[in-house]
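Structure file data-v2.pdb with PDB, C-alpha atoms:
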```
ATOM      1  CA  ALA A   1      59.370 151.728 112.556  1.00  0.00           C
ATOM      2  CA  GLU A   2      58.665 152.556 116.151  1.00  0.00           C
ATOM      3  CA  LEU A   3      61.019 154.820 118.068  1.00  0.00           C
ATOM      4  CA  GLY A   4      62.523 153.167 121.136  1.00  0.00           C
ATOM      5  CA  VAL A   5      61.811 149.619 119.947  1.00  0.00           C
ATOM      6  CA  GLY A   6      64.471 147.171 118.806  1.00  0.00           C
ATOM      7  CA  CYS A   7      64.347 143.755 117.183  1.00  0.00           C
ATOM      8  CA  ILE A   8      66.634 140.734 116.965  1.00  0.00           C
ATOM      9  CA  GLY A   9      66.125 138.052 114.345  1.00  0.00           C
ATOM     10  CA  ALA A  10      67.365 134.674 113.137  1.00  0.00           C
ATOM     11  CA  LEU A  11      66.934 132.774 109.857  1.00  0.00           C
ATOM     12  CA  VAL A  12      65.265 129.384 109.374  1.00  0.00           C
ATOM     13  CA  ARG A  13      66.569 127.305 106.439  1.00  0.00           C
ATOM     14  CA  ASP A  14      65.258 124.292 104.534  1.00  0.00           C
ATOM     15  CA  ALA A  15      67.129 121.137 103.484  1.00  0.00           C
ATOM     16  CA  GLU A  16      68.716 122.966 100.519  1.00  0.00           C
ATOM     17  CA  GLY A  17      69.893 125.829 102.724  1.00  0.00           C
ATOM     18  CA  ARG A  18      67.329 128.309 101.413  1.00  0.00           C
ATOM     19  CA  VAL A  19      65.892 130.800 103.869  1.00  0.00           C
ATOM     20  CA  ILE A  20      62.235 129.870 104.355  1.00  0.00           C
ATOM     21  CA  ALA A  21      61.317 131.813 107.491  1.00  0.00           C
ATOM     22  CA  GLY A  22      62.595 134.019 110.224  1.00  0.00           C
ATOM     23  CA  LEU A  23      62.103 134.322 113.958  1.00  0.00           C
ATOM     24  CA  SER A  24      62.206 137.670 115.686  1.00  0.00           C
ATOM     25  CA  VAL A  25      61.698 139.261 119.070  1.00  0.00           C
ATOM     26  CA  SER A  26      60.814 142.940 119.386  1.00  0.00           C
ATOM     27  CA  ALA A  27      60.914 144.861 122.639  1.00  0.00           C
ATOM     28  CA  PRO A  28      61.475 148.335 123.997  1.00  0.00           C
ATOM     29  CA  ILE A  29      65.213 148.994 123.729  1.00  0.00           C
ATOM     30  CA  GLU A  30      65.609 149.446 127.484  1.00  0.00           C
ATOM     31  CA  ARG A  31      64.136 145.956 128.112  1.00  0.00           C
ATOM     32  CA  ARG A  32      66.006 144.110 125.366  1.00  0.00           C
ATOM     33  CA  ARG A  33      68.650 141.661 126.639  1.00  0.00           C
ATOM     34  CA  THR A  34      71.683 140.230 124.870  1.00  0.00           C
ATOM     35  CA  GLU A  35      70.908 136.884 126.564  1.00  0.00           C
ATOM     36  CA  TRP A  36      67.956 136.549 124.171  1.00  0.00           C
ATOM     37  CA  ILE A  37      70.241 136.237 121.136  1.00  0.00           C
ATOM     38  CA  PRO A  38      71.563 132.682 121.729  1.00  0.00           C
ATOM     39  CA  VAL A  39      68.085 131.492 122.749  1.00  0.00           C
ATOM     40  CA  LEU A  40      66.608 132.828 119.513  1.00  0.00           C
ATOM     41  CA  MET A  41      69.485 131.368 117.474  1.00  0.00           C
ATOM     42  CA  GLU A  42      68.998 127.945 119.108  1.00  0.00           C
ATOM     43  CA  ALA A  43      65.290 127.998 118.285  1.00  0.00           C
ATOM     44  CA  ALA A  44      65.989 128.918 114.645  1.00  0.00           C
ATOM     45  CA  ASP A  45      68.695 126.230 114.404  1.00  0.00           C
ATOM     46  CA  GLU A  46      66.315 123.596 115.799  1.00  0.00           C
ATOM     47  CA  LEU A  47      63.584 124.563 113.333  1.00  0.00           C
ATOM     48  CA  SER A  48      66.124 124.463 110.499  1.00  0.00           C
ATOM     49  CA  ARG A  49      67.235 120.956 111.539  1.00  0.00           C
ATOM     50  CA  ARG A  50      63.607 119.823 111.591  1.00  0.00           C
ATOM     51  CA  MET A  51      63.239 121.224 108.066  1.00  0.00           C
ATOM     52  CA  GLY A  52      66.207 119.092 106.949  1.00  0.00           C
ATOM     53  CA  TYR A  53      69.011 121.672 107.096  1.00  0.00           C
ATOM     54  CA  ARG A  54      72.363 120.100 107.964  1.00  0.00           C
ATOM     55  CA  GLY A  55      74.656 123.118 107.864  1.00  0.00           C
ATOM     56  CA  GLU A  56      77.003 124.392 105.190  1.00  0.00           C
ATOM     57  CA  GLN A  57      78.218 121.569 102.961  1.00  0.00           C
TER      58      GLN A  57
END
```

Now, as a test, write the supplied structure out as structure tokens.
Amino acid sequence: AELGVGCIGALVRDAEGRVIAGLSVSAPIERRRTEWIPVLMEAADELSRRMGYRGEQ
């Protein structure tokens, strides 16, 4: 762990809903922006869709 650094992350799922990867962005806490969260979530959702994930059944 690094003092003064924060991270946000999002899961990537496969067709069966299993977590197969994660995306994350790390930055100094004073530079981190809440606007990054939906962008990261969208990217993880798109990757999950490409891996066959269709949401909770």

Exercise for review: Would you kindly return, as a VMD selection string, each protein, DNA or RNA residue with an atom no farther than 10 Å from any atom of range 48-52 of chain A, considering only C-alpha atoms and excluding same-chain residues fewer than 5 positions away?
Suggested key: chain A and resid 11 to 21 42 to 43

- State, in Å with one decimal place, the distance from CA of Thr34 in chain A to CA of Gly55 in chain A.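 We find that CA of Thr34 in chain A and CA of Gly55 in chain A lie 24.3 Å from each other.
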
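Among the candidates A:Tyr53, A:Glu2, A:Ile8, A:Ala27, the one nearest to Val39 in chain A when counting only C-alpha atoms is A:Ile8.
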
Among A:Ala44, A:Glu30, A:Val25, A:Pro38, Ala10 in chain A is approached most closely, using only C-alpha atoms, by A:Ala44

_Just want the 10 Å neighbourhood of Ile29 in chain A, counted on all atoms listed in the file, with same-chain residues fewer than 2 positions away dropped. Output as a list in words._
Leu3, Gly4, Val5, Gly6, Cys7, Ser26, Ala27, Arg31, Arg32 and Arg33 of chain A

Using the file's own x, y and z axes, what box holds all listed atoms of range 24-35 of chain A with 8 Å on each side, keeping edges along x, y and z, and what are its centre and edge lengths in Å to one decimal, as JSON?
```
{"center_x": 66.2, "center_y": 143.2, "center_z": 121.9, "size_x": 26.9, "size_y": 28.6, "size_z": 28.4}
```
